[in-house]
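See below for entry10.txt, which holds compact mmCIF, C-alpha atoms.
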# COMPACT_ATOMS: atom_id res chain seq x y z
CA MET A 73 -35.32 48.78 39.23
CA GLN A 74 -36.17 48.99 35.52
CA ARG A 75 -34.39 52.11 34.29
CA LEU A 76 -31.08 53.66 35.29
CA GLY A 77 -29.83 57.02 34.05
CA LEU A 78 -26.04 57.22 34.00
CA VAL A 79 -23.30 59.66 33.09
CA ALA A 80 -19.73 58.34 33.24
CA GLY A 81 -16.90 60.65 32.23
CA GLU A 82 -13.62 59.53 30.68
CA ALA A 83 -12.08 56.08 30.30
CA SER A 84 -11.67 55.49 34.05
CA GLY A 85 -15.31 56.39 34.78
CA ASP A 86 -16.48 54.12 31.98
CA LEU A 87 -14.51 51.23 33.43
CA LEU A 88 -15.73 51.79 37.00
CA ALA A 89 -19.37 52.27 35.95
CA ALA A 90 -19.36 49.13 33.80
CA GLN A 91 -18.54 47.01 36.84
CA VAL A 92 -21.36 48.61 38.86
CA VAL A 93 -23.85 48.08 36.01
CA ALA A 94 -22.79 44.42 35.79
CA GLY A 95 -23.63 44.07 39.49
CA LEU A 96 -26.99 45.78 39.02
CA GLU A 97 -27.93 43.68 36.01
CA SER A 98 -27.33 40.48 37.96
CA ARG A 99 -29.83 41.79 40.50
CA HIS A 100 -32.27 43.39 38.03
CA PRO A 101 -32.51 41.36 34.79
CA GLY A 102 -33.68 43.45 31.85
CA LEU A 103 -32.40 46.70 33.37
CA ARG A 104 -32.29 49.57 30.87
CA VAL A 105 -29.28 51.88 31.19
CA GLU A 106 -29.09 55.10 29.16
CA GLY A 107 -26.99 58.28 29.17
CA ILE A 108 -23.27 58.98 28.61
CA GLY A 109 -20.85 56.06 28.56
CA GLY A 110 -17.89 54.53 26.79
CA PRO A 111 -16.97 51.17 25.27
CA GLU A 112 -17.02 49.23 28.55
CA LEU A 113 -20.56 50.38 29.34
CA ALA A 114 -21.62 49.67 25.76
CA LYS A 115 -20.45 46.07 26.26
CA GLN A 116 -22.86 45.91 29.21
CA GLY A 117 -25.71 46.88 26.87
CA MET A 118 -25.96 50.58 27.78
CA ASP A 119 -27.60 52.90 25.24
CA CYS A 120 -24.89 55.58 25.05
CA TRP A 121 -26.40 58.85 23.86
CA TYR A 122 -22.96 60.49 23.86
CA PRO A 123 -19.44 59.03 24.38
CA SER A 124 -17.60 59.41 27.68
CA GLU A 125 -14.74 60.97 25.73
CA SER A 126 -16.91 64.07 25.22
CA LEU A 127 -16.36 64.95 28.92
CA ALA A 128 -12.59 64.33 28.94
CA VAL A 129 -11.39 67.85 29.80
CA ARG A 130 -9.04 68.75 32.68
CA GLY A 131 -7.70 71.97 34.18
CA TYR A 132 -9.10 75.49 34.24
CA ALA A 133 -7.75 76.79 30.95
CA GLU A 134 -8.87 73.71 29.04
CA VAL A 135 -12.37 73.78 30.57
CA ILE A 136 -12.80 77.45 29.63
CA ALA A 137 -12.07 76.63 25.99
CA ALA A 138 -14.54 73.73 26.00
CA LEU A 139 -17.20 75.44 28.16
CA PRO A 140 -19.73 76.43 25.43
CA ARG A 141 -19.80 72.87 24.09
CA LEU A 142 -20.09 71.33 27.58
CA LEU A 143 -22.92 73.69 28.58
CA ARG A 144 -24.89 72.80 25.44
CA LEU A 145 -24.28 69.12 26.07
CA ARG A 146 -25.39 69.33 29.72
CA SER A 147 -28.54 71.31 28.88
CA GLY A 148 -29.62 68.86 26.20
CA LEU A 149 -28.77 65.89 28.38
CA ALA A 150 -30.81 67.20 31.33
CA LYS A 151 -33.93 67.55 29.16
CA ARG A 152 -33.47 64.11 27.67
CA MET A 153 -32.87 62.51 31.09
CA LEU A 154 -36.03 64.07 32.53
CA ASP A 155 -37.99 62.68 29.58
CA TYR A 156 -36.40 59.26 30.15
CA GLN A 157 -37.46 59.31 33.85
CA PRO A 158 -35.05 56.74 35.31
CA ASP A 159 -35.78 55.12 38.67
CA VAL A 160 -32.40 56.44 39.83
CA PHE A 161 -29.79 58.67 38.18
CA LEU A 162 -26.18 57.65 38.79
CA GLY A 163 -23.40 60.13 38.11
CA VAL A 164 -19.96 58.54 37.95
CA ASP A 165 -16.96 60.78 38.60
CA ALA A 166 -16.68 63.85 36.23
CA PRO A 167 -17.77 66.21 39.06
CA ASP A 168 -17.35 69.44 37.08
CA PHE A 169 -20.00 68.20 34.67
CA ASN A 170 -22.09 65.89 36.83
CA LEU A 171 -22.71 67.85 40.02
CA LYS A 172 -24.51 70.73 38.29
CA LEU A 173 -26.45 68.26 36.14
CA GLU A 174 -27.40 66.32 39.27
CA GLU A 175 -28.51 69.46 41.09
CA GLY A 176 -30.91 70.27 38.25
CA LEU A 177 -32.27 66.72 38.08
CA ARG A 178 -32.71 66.53 41.85
CA SER A 179 -34.60 69.85 41.90
CA GLN A 180 -37.09 68.20 39.52
CA GLY A 181 -37.67 65.30 41.92
CA GLN A 182 -35.15 62.85 40.44
CA LYS A 183 -33.39 60.51 42.87
CA VAL A 184 -29.64 61.10 42.48
CA VAL A 185 -26.67 58.98 43.52
CA HIS A 186 -23.07 59.92 42.78
CA PHE A 187 -20.31 57.32 42.60
CA VAL A 188 -16.70 58.39 43.32
CA SER A 189 -16.46 61.48 45.48
CA PRO A 190 -14.73 64.56 44.10
CA SER A 191 -11.31 64.95 45.73
CA VAL A 192 -12.60 67.33 48.42
CA TRP A 193 -9.90 65.92 50.71
CA ALA A 194 -7.19 67.04 48.26
CA TRP A 195 -8.42 70.40 46.99
CA ARG A 196 -11.59 72.52 46.54
CA ALA A 197 -13.15 71.63 49.89
CA GLU A 198 -15.85 74.22 49.15
CA ARG A 199 -17.44 71.66 46.84
CA MET A 200 -19.17 70.06 49.83
CA ALA A 201 -21.97 72.64 49.66
CA GLN A 202 -22.51 71.83 45.98
CA ILE A 203 -22.54 68.10 46.74
CA ARG A 204 -25.14 68.59 49.49
CA ARG A 205 -27.45 70.29 46.97
CA SER A 206 -26.81 67.79 44.21
CA VAL A 207 -27.00 64.26 45.59
CA ASP A 208 -29.21 62.09 47.75
CA HIS A 209 -26.42 59.59 48.38
CA MET A 210 -22.67 59.51 47.77
CA LEU A 211 -20.92 56.20 47.11
CA LEU A 212 -17.36 56.39 48.44
CA VAL A 213 -14.42 54.38 47.12
CA PHE A 214 -11.86 55.27 49.82
CA PRO A 215 -12.35 54.51 53.55
CA PHE A 216 -11.06 57.86 54.87
CA GLU A 217 -13.78 59.77 52.95
CA LYS A 218 -16.62 58.53 55.20
CA LYS A 219 -15.62 60.75 58.13
CA LEU A 220 -15.63 63.85 55.92
CA TYR A 221 -19.13 63.14 54.64
CA ASP A 222 -20.48 62.35 58.09
CA GLN A 223 -19.10 65.69 59.34
CA ALA A 224 -20.78 67.45 56.40
CA ARG A 225 -24.06 65.59 57.12
CA ILE A 226 -24.25 64.12 53.62
CA THR A 227 -25.61 60.58 53.35
CA SER A 228 -22.86 58.29 52.12
CA THR A 229 -21.70 54.68 52.03
CA TYR A 230 -18.17 53.33 51.72
CA VAL A 231 -18.45 50.65 49.03
CA GLY A 232 -14.77 49.90 48.41
CA HIS A 233 -13.06 50.35 45.09
CA PRO A 234 -14.24 48.27 42.10
CA LEU A 235 -10.72 48.03 40.73
CA ALA A 236 -9.65 46.24 43.91
CA ASP A 237 -12.22 43.56 43.11
CA ARG A 238 -11.25 43.33 39.45
CA ILE A 239 -7.45 43.22 39.78
CA PRO A 240 -6.14 39.92 41.21
CA MET A 241 -4.25 39.90 44.48
CA ALA A 242 -1.41 38.02 42.76
CA PRO A 243 -1.12 39.18 39.12
CA ASN A 244 0.34 36.68 36.65
CA ARG A 245 3.43 38.44 35.31
CA ARG A 246 4.52 35.57 33.07
CA GLU A 247 1.14 35.42 31.34
CA ALA A 248 1.16 39.21 30.83
CA LEU A 249 4.64 39.12 29.30
CA LEU A 250 3.65 36.37 26.88
CA SER A 251 0.49 38.26 25.86
CA LEU A 252 2.72 41.21 24.92
CA GLY A 253 5.05 38.96 22.92
CA LEU A 254 7.82 39.32 25.47
CA SER A 255 10.04 36.79 27.21
CA PRO A 256 9.66 35.83 30.90
CA ASP A 257 13.24 37.04 31.41
CA ASP A 258 12.65 40.52 29.97
CA GLU A 259 13.02 43.56 32.22
CA VAL A 260 10.06 45.85 31.51
CA VAL A 261 9.15 49.43 32.36
CA ALA A 262 5.63 50.65 31.60
CA LEU A 263 5.11 54.21 30.30
CA LEU A 264 1.63 55.51 31.14
CA PRO A 265 1.32 59.18 30.13
CA GLY A 266 -2.48 59.25 30.47
CA SER A 267 -5.71 58.48 28.61
CA ARG A 268 -6.70 62.04 27.62
CA ALA A 269 -5.61 63.98 24.57
CA ASP A 270 -4.13 66.85 26.59
CA GLU A 271 -2.23 64.43 28.84
CA ILE A 272 -0.58 63.02 25.73
CA LYS A 273 0.11 66.59 24.64
CA TYR A 274 1.80 67.60 27.88
CA MET A 275 3.45 64.37 28.98
CA ALA A 276 4.07 61.85 26.20
CA ARG A 277 7.21 63.55 24.87
CA CYS A 278 8.63 64.00 28.38
CA PHE A 279 7.99 60.33 29.20
CA ILE A 280 9.69 59.16 26.02
CA GLU A 281 12.69 61.42 26.66
CA ALA A 282 12.93 60.03 30.19
CA ALA A 283 12.84 56.50 28.78
CA LEU A 284 15.65 57.33 26.38
CA GLU A 285 17.77 58.73 29.22
CA LEU A 286 17.06 55.66 31.35
CA HIS A 287 17.96 53.41 28.40
CA GLY A 288 21.38 55.10 28.29
CA ARG A 289 22.04 53.84 31.83
CA ARG A 290 20.22 50.49 31.64
CA ASP A 291 20.07 49.43 28.00
CA ARG A 292 18.51 46.01 28.56
CA LEU A 293 15.16 47.58 29.54
CA ILE A 294 12.10 47.14 27.34
CA PHE A 295 9.54 49.96 27.50
CA VAL A 296 5.83 49.26 26.96
CA LEU A 297 3.47 52.16 26.24
CA PRO A 298 -0.22 51.12 26.12
CA ALA A 299 -2.34 53.78 24.38
CA ALA A 300 -5.97 54.14 25.49
CA GLY A 301 -7.75 53.47 22.18
CA SER A 302 -7.06 54.19 18.53
CA GLN A 303 -7.03 57.99 18.85
CA ARG A 304 -4.45 58.02 21.65
CA TYR A 305 -2.45 55.39 19.74
CA ALA A 306 -2.25 57.68 16.70
CA GLU A 307 -1.28 60.67 18.88
CA VAL A 308 1.52 58.78 20.64
CA LYS A 309 2.74 57.35 17.35
CA ALA A 310 3.00 60.91 15.99
CA VAL A 311 5.10 61.92 19.02
CA LEU A 312 7.38 58.90 18.59
CA ALA A 313 7.93 59.81 14.92
CA GLN A 314 9.69 62.99 16.07
CA PHE A 315 12.54 60.98 17.65
CA ARG A 316 15.55 59.21 16.18
CA MET A 317 15.76 56.14 18.38
CA PRO A 318 18.98 54.22 19.10
CA SER A 319 19.06 50.91 17.24
CA ASN A 320 18.93 48.91 20.47
CA PHE A 321 16.14 50.97 22.09
CA ARG A 322 13.07 48.77 22.48
CA LEU A 323 9.69 50.45 22.90
CA LEU A 324 6.47 48.51 22.37
CA LEU A 325 3.48 50.73 21.58
CA THR A 326 0.16 48.93 21.97
CA GLU A 327 -3.47 49.90 21.48
CA GLY A 328 -5.00 49.01 24.81
CA LYS A 329 -3.41 46.27 26.95
CA ALA A 330 -2.77 48.65 29.86
CA TYR A 331 -3.35 45.90 32.42
CA GLU A 332 -0.99 43.56 30.60
CA ALA A 333 1.66 46.30 30.70
CA MET A 334 1.07 46.89 34.42
CA ALA A 335 1.25 43.19 35.24
CA ALA A 336 4.37 42.69 33.09
CA CYS A 337 6.44 45.62 34.31
CA GLN A 338 8.92 45.80 37.16
CA SER A 339 8.22 49.52 37.51
CA ALA A 340 6.29 52.28 35.74
CA LEU A 341 6.41 55.95 34.88
CA VAL A 342 2.81 57.11 35.23
CA ALA A 343 0.67 60.23 35.02
CA SER A 344 -1.20 61.01 38.24
CA GLY A 345 -4.72 59.60 38.16
CA THR A 346 -6.54 56.28 38.32
CA ALA A 347 -3.59 54.48 36.72
CA THR A 348 -1.51 55.10 39.86
CA LEU A 349 -4.07 53.20 41.93
CA GLU A 350 -4.22 50.41 39.34
CA LEU A 351 -0.45 50.04 39.50
CA ALA A 352 -0.59 49.89 43.28
CA LEU A 353 -3.19 47.12 43.05
CA PHE A 354 -0.87 45.31 40.64
CA LYS A 355 1.78 45.73 43.41
CA ARG A 356 4.12 47.62 41.06
CA PRO A 357 6.48 50.43 42.11
CA MET A 358 6.11 53.64 40.13
CA VAL A 359 7.28 57.18 39.60
CA ILE A 360 4.37 59.63 39.35
CA ALA A 361 4.47 62.76 37.19
CA TYR A 362 2.01 65.39 36.07
CA LYS A 363 2.15 68.37 33.73
CA MET A 364 -0.63 70.64 32.53
CA HIS A 365 -1.33 74.11 31.17
CA GLY A 366 0.54 76.67 33.30
CA LEU A 367 -2.57 78.67 34.25
CA SER A 368 -4.43 75.52 35.32
CA TYR A 369 -1.52 74.45 37.49
CA HIS A 370 -1.23 77.87 39.13
CA LEU A 371 -4.93 77.95 40.05
CA MET A 372 -5.09 74.34 41.24
CA ARG A 373 -1.95 74.64 43.35
CA ARG A 374 -3.50 77.51 45.33
CA LYS A 375 -6.40 75.26 46.38
CA ALA A 376 -4.40 72.13 47.19
CA LEU A 377 -4.98 70.64 50.66
CA MET A 378 -2.54 67.72 50.61
CA PRO A 379 1.21 67.42 50.07
CA TRP A 380 0.75 64.53 47.58
CA ILE A 381 -1.03 64.10 44.25
CA GLY A 382 -0.71 60.33 43.72
CA LEU A 383 -3.41 58.05 45.13
CA PRO A 384 -0.92 55.49 46.51
CA ASN A 385 0.74 58.23 48.56
CA ILE A 386 -2.58 59.76 49.65
CA LEU A 387 -3.92 56.39 50.78
CA SER A 388 -0.66 55.63 52.61
CA GLY A 389 -0.41 59.08 54.17
CA SER A 390 3.24 59.28 53.17
CA MET A 391 5.54 59.54 50.15
CA VAL A 392 5.69 55.84 49.28
CA VAL A 393 6.59 56.51 45.63
CA PRO A 394 8.21 59.65 44.14
CA GLU A 395 6.15 62.45 42.60
CA PHE A 396 7.18 65.16 40.14
CA ILE A 397 4.78 67.96 39.27
CA GLN A 398 4.91 70.53 36.48
CA ASP A 399 8.43 72.04 36.18
CA GLN A 400 9.87 69.33 38.44
CA ALA A 401 8.80 66.69 35.90
CA THR A 402 11.85 66.87 33.64
CA PRO A 403 13.12 63.87 31.66
CA GLU A 404 16.33 63.89 33.70
CA ALA A 405 14.53 63.93 37.07
CA LEU A 406 12.13 61.18 36.01
CA SER A 407 14.94 59.06 34.60
CA ASN A 408 17.00 59.42 37.79
CA ALA A 409 14.04 58.45 39.97
CA MET A 410 13.25 55.43 37.81
CA PHE A 411 16.89 54.32 37.85
CA GLU A 412 17.08 54.52 41.65
CA GLN A 413 13.76 52.73 42.04
CA LEU A 414 14.80 49.87 39.77
CA ARG A 415 18.09 49.57 41.62
CA GLY A 416 16.27 49.54 44.95
CA LEU A 417 14.02 46.69 43.85
CA GLU A 418 17.04 44.44 43.67
CA SER A 419 17.41 44.62 47.46
CA GLY A 420 13.74 43.99 48.37
CA ASP A 421 10.15 44.95 47.67
CA GLU A 422 8.80 46.91 50.64
CA ILE A 423 6.54 48.91 48.31
CA GLY A 424 4.84 45.72 47.16
CA GLU A 425 4.07 44.74 50.76
CA ARG A 426 2.50 48.14 51.40
CA PHE A 427 0.36 47.78 48.28
CA ILE A 428 -0.87 44.31 49.30
CA GLN A 429 -2.25 45.83 52.52
CA MET A 430 -3.87 48.64 50.50
CA HIS A 431 -5.52 46.10 48.19
CA HIS A 432 -7.12 44.27 51.13
CA GLU A 433 -8.49 47.54 52.54
CA LEU A 434 -10.12 48.49 49.22
CA ARG A 435 -11.52 45.07 48.25
CA MET A 436 -15.10 45.19 49.56
CA GLY A 437 -17.31 43.72 46.81
CA CYS A 438 -18.01 47.17 45.39
CA ALA A 439 -20.48 46.28 42.62
CA GLN A 440 -22.73 44.35 45.00
CA ARG A 441 -22.58 47.10 47.62
CA CYS A 442 -23.50 49.73 45.02
CA ALA A 443 -26.39 47.60 43.79
CA GLU A 444 -27.70 47.27 47.35
CA VAL A 445 -27.56 51.04 47.94
CA LEU A 446 -29.24 51.86 44.62
CA ALA A 447 -31.97 49.28 45.19
CA GLY A 448 -32.53 50.66 48.69
CA ILE A 449 -32.90 54.21 47.39
CA GLU A 450 -35.46 53.08 44.81
CA SER A 451 -37.39 51.17 47.49
CA ASP A 452 -37.39 54.19 49.80
CA ASP A 453 -38.67 56.36 46.96
CA ARG A 454 -41.53 53.98 46.21
CA GLY A 455 -42.36 53.71 49.90
CA HIS A 456 -42.79 57.47 50.13
CA GLY A 457 -44.64 57.74 46.83
Go ahead and express the file in the form of structure tokens.
Amino acid sequence: MQRLGLVAGEASGDLLAAQVVAGLESRHPGLRVEGIGGPELAKQGMDCWYPSESLAVRGYAEVIAALPRLLRLRSGLAKRMLDYQPDVFLGVDAPDFNLKLEEGLRSQGQKVVHFVSPSVWAWRAERMAQIRRSVDHMLLVFPFEKKLYDQARITSTYVGHPLADRIPMAPNRREALLSLGLSPDDEVVALLPGSRADEIKYMARCFIEAALELHGRRDRLIFVLPAAGSQRYAEVKAVLAQFRMPSNFRLLLTEGKAYEAMAACQSALVASGTATLELALFKRPMVIAYKMHGLSYHLMRRKALMPWIGLPNILSGSMVVPEFIQDQATPEALSNAMFEQLRGLESGDEIGERFIQMHHELRMGCAQRCAEVLAGIESDDRGHG
């Protein structure tokens, strides 16, 4: 393989794709990678035509507002990708953008692989027809997805989750605390309101209010809020400026250092998404919350197929950690759940044991498996050429 086309949406997609590209480059020295990516892919030498952040839109109402820009971007990208003529095109996550792009590329004879299945098991099961038109091969990160794709007669491979390979089985909490300038004896709660601008808009204030309420009941806590990059840092800082904090309230706002915060904390308040899985792999209890535009929530709720939104609960098939969605996600409710969870940790860590088992199930050498599948697809293509 000499050329790979790639589109990775958002910070999580950038992180996942960078690990796959690293695996491919070890197998194909001199590999050219071009398309849409973020800072992690840039570190791997990718030529990023546009930043991953340009695809960071969630919910129906928000997508409608951004639709003209996204359509122009996708049209221009498709033309440029066809001129580039990669050996394989790899779409990473961002299904609302990628699947239609992939369908167009595939109709022009481009070999297409998609990494990270849309959540067809959670909502919008009708997407399977779109996936069948759009991809030659789906790379699956969760074991239960394979049965669904076999039933739909879509070629797929379970490759494990790259984060399970990256995150150590036994995180070093002491080292993480020291890297944050904290003491090994400090009691830490991580606040993770999300990596997108609209997640900060809808959840940052609620998370901070919940932290303040929790501080009133457990004032020795230190809260760590890692912002995803300079833009999110500025947005969170602006939210914090609206509060008058008690003199003994300790909140550490960092630019980056999310993994240090996860490793250092005893528990976390987290927005539903990839961060919930990362926390589970760090073996940390959490309270999951999510808020969005009211119209988006109304439409998405009608199509929901599962009783949970958090990946740790979905993978466990039960409510392992509490979830609060939309109007349920009040500062008081979140604070109460965090307080009870912290108190429960003092009598044992059953959640941690469950997450250790989950980590073993997801650790499969994902980057190498992806590289093998992509190389096999390229070989098949040449064999039929």
Pick from A:Gly301, A:Pro403, A:Pro167, A:Pro234 nearest to Arg277 of chain A, counting all atoms listed in the file | A:Pro403
Find the distance between atom CA of Ala299 of chain A and atom CA of Gly107 of chain A and write it in Å to one decimal.
->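 Going from atom CA of Ala299 of chain A over to atom CA of Gly107 of chain A covers 25.5 Å.
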Name the closest residue to Val296 of chain A among the candidates A:Leu249, A:Ala114, A:Val392, A:Leu103; distances are taken between atoms, counting only C-alpha atoms.
->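 Result for the nearest residue to Val296 of chain A: A:Leu249.
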Gap from atom CA of Lys115 of chain A to atom CA of Glu97 of chain A - Å, one decimal | 12.5 Å
Hey, which of A:Lys218, A:Arg304, A:Arg356, A:Lys363 ends up closest to Ser267 of chain A? Count all atoms listed in the file.
-> A:Arg304
Write out as a PDB file with C-alpha atoms, in the coordinates of the input the residues lying within 9 Å of Glu271 of chain A, counting only C-alpha atoms and excluding same-chain residues fewer than 3 positions away.
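Once everything was written out, this is selection32.pdb:
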ATOM      1  CA  ARG A 130      -9.040  68.750  32.680  1.00  0.00           C
ATOM      2  CA  PRO A 265       1.320  59.180  30.130  1.00  0.00           C
ATOM      3  CA  GLY A 266      -2.480  59.250  30.470  1.00  0.00           C
ATOM      4  CA  SER A 267      -5.710  58.480  28.610  1.00  0.00           C
ATOM      5  CA  ARG A 268      -6.700  62.040  27.620  1.00  0.00           C
ATOM      6  CA  TYR A 274       1.800  67.600  27.880  1.00  0.00           C
ATOM      7  CA  MET A 275       3.450  64.370  28.980  1.00  0.00           C
ATOM      8  CA  ALA A 276       4.070  61.850  26.200  1.00  0.00           C
ATOM      9  CA  ALA A 343       0.670  60.230  35.020  1.00  0.00           C
ATOM     10  CA  TYR A 362       2.010  65.390  36.070  1.00  0.00           C
ATOM     11  CA  LYS A 363       2.150  68.370  33.730  1.00  0.00           C
ATOM     12  CA  MET A 364      -0.630  70.640  32.530  1.00  0.00           C
TER      13      MET A 364
END
Using all atoms listed in the file, which residue out of A:Leu264, A:Leu139, A:Leu446, A:Ala439 lies closest to Leu88 of chain A?
->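 Using all atoms listed in the file, the shortest distance to Leu88 of chain A belongs to A:Ala439.
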Rank A:Arg316, A:Arg441, A:His287, A:Arg245 by their smallest atom-to-atom distance to Lys355 of chain A, using only C-alpha atoms, and report the top residue only.
->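 Ranking A:Arg316, A:Arg441, A:His287, A:Arg245 by distance to Lys355 of chain A, first place goes to A:Arg245.
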Quick one, how far is atom CA of Ile239 of chain A from atom CA of Ala352 of chain A?
-> 10.2 Å
Segment 331-333 of chain A surroundings by only C-alpha atoms, 7 Å radius, close-in-sequence under 4 positions cut, as a count of residues only | 5
Name the closest residue to Ala361 of chain A among the candidates A:Arg426, A:Ala330, A:Leu263, A:Ala447; distances are taken between atoms, counting only C-alpha atoms.
->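 Comparing A:Arg426, A:Ala330, A:Leu263, A:Ala447 against Ala361 of chain A, the winner is A:Leu263.
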Contact residues around Gly117 of chain A with only C-alpha atoms at 12 Å, ignoring same-chain residues under 6 positions, as a ChimeraX atom specification = /A:90,93-94,97,101-107,109-111
Could you please give me, as an mmCIF file with C-alpha atoms, in the frame of the given file, the residues of protein, DNA or RNA lying at most 7 Å from (4.5, 50.6, 22.8) in the coordinate frame of the file, considering only C-alpha atoms?
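Done, and the output landed in part_22.cif:
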data_model
loop_
_atom_site.group_PDB
_atom_site.id
_atom_site.type_symbol
_atom_site.label_atom_id
_atom_site.label_comp_id
_atom_site.auth_asym_id
_atom_site.auth_seq_id
_atom_site.Cartn_x
_atom_site.Cartn_y
_atom_site.Cartn_z
ATOM 1 C CA PHE A 295 9.540 49.960 27.500
ATOM 2 C CA VAL A 296 5.830 49.260 26.960
ATOM 3 C CA LEU A 297 3.470 52.160 26.240
ATOM 4 C CA PRO A 298 -0.220 51.120 26.120
ATOM 5 C CA LEU A 323 9.690 50.450 22.900
ATOM 6 C CA LEU A 324 6.470 48.510 22.370
ATOM 7 C CA LEU A 325 3.480 50.730 21.580
ATOM 8 C CA THR A 326 0.160 48.930 21.970
#
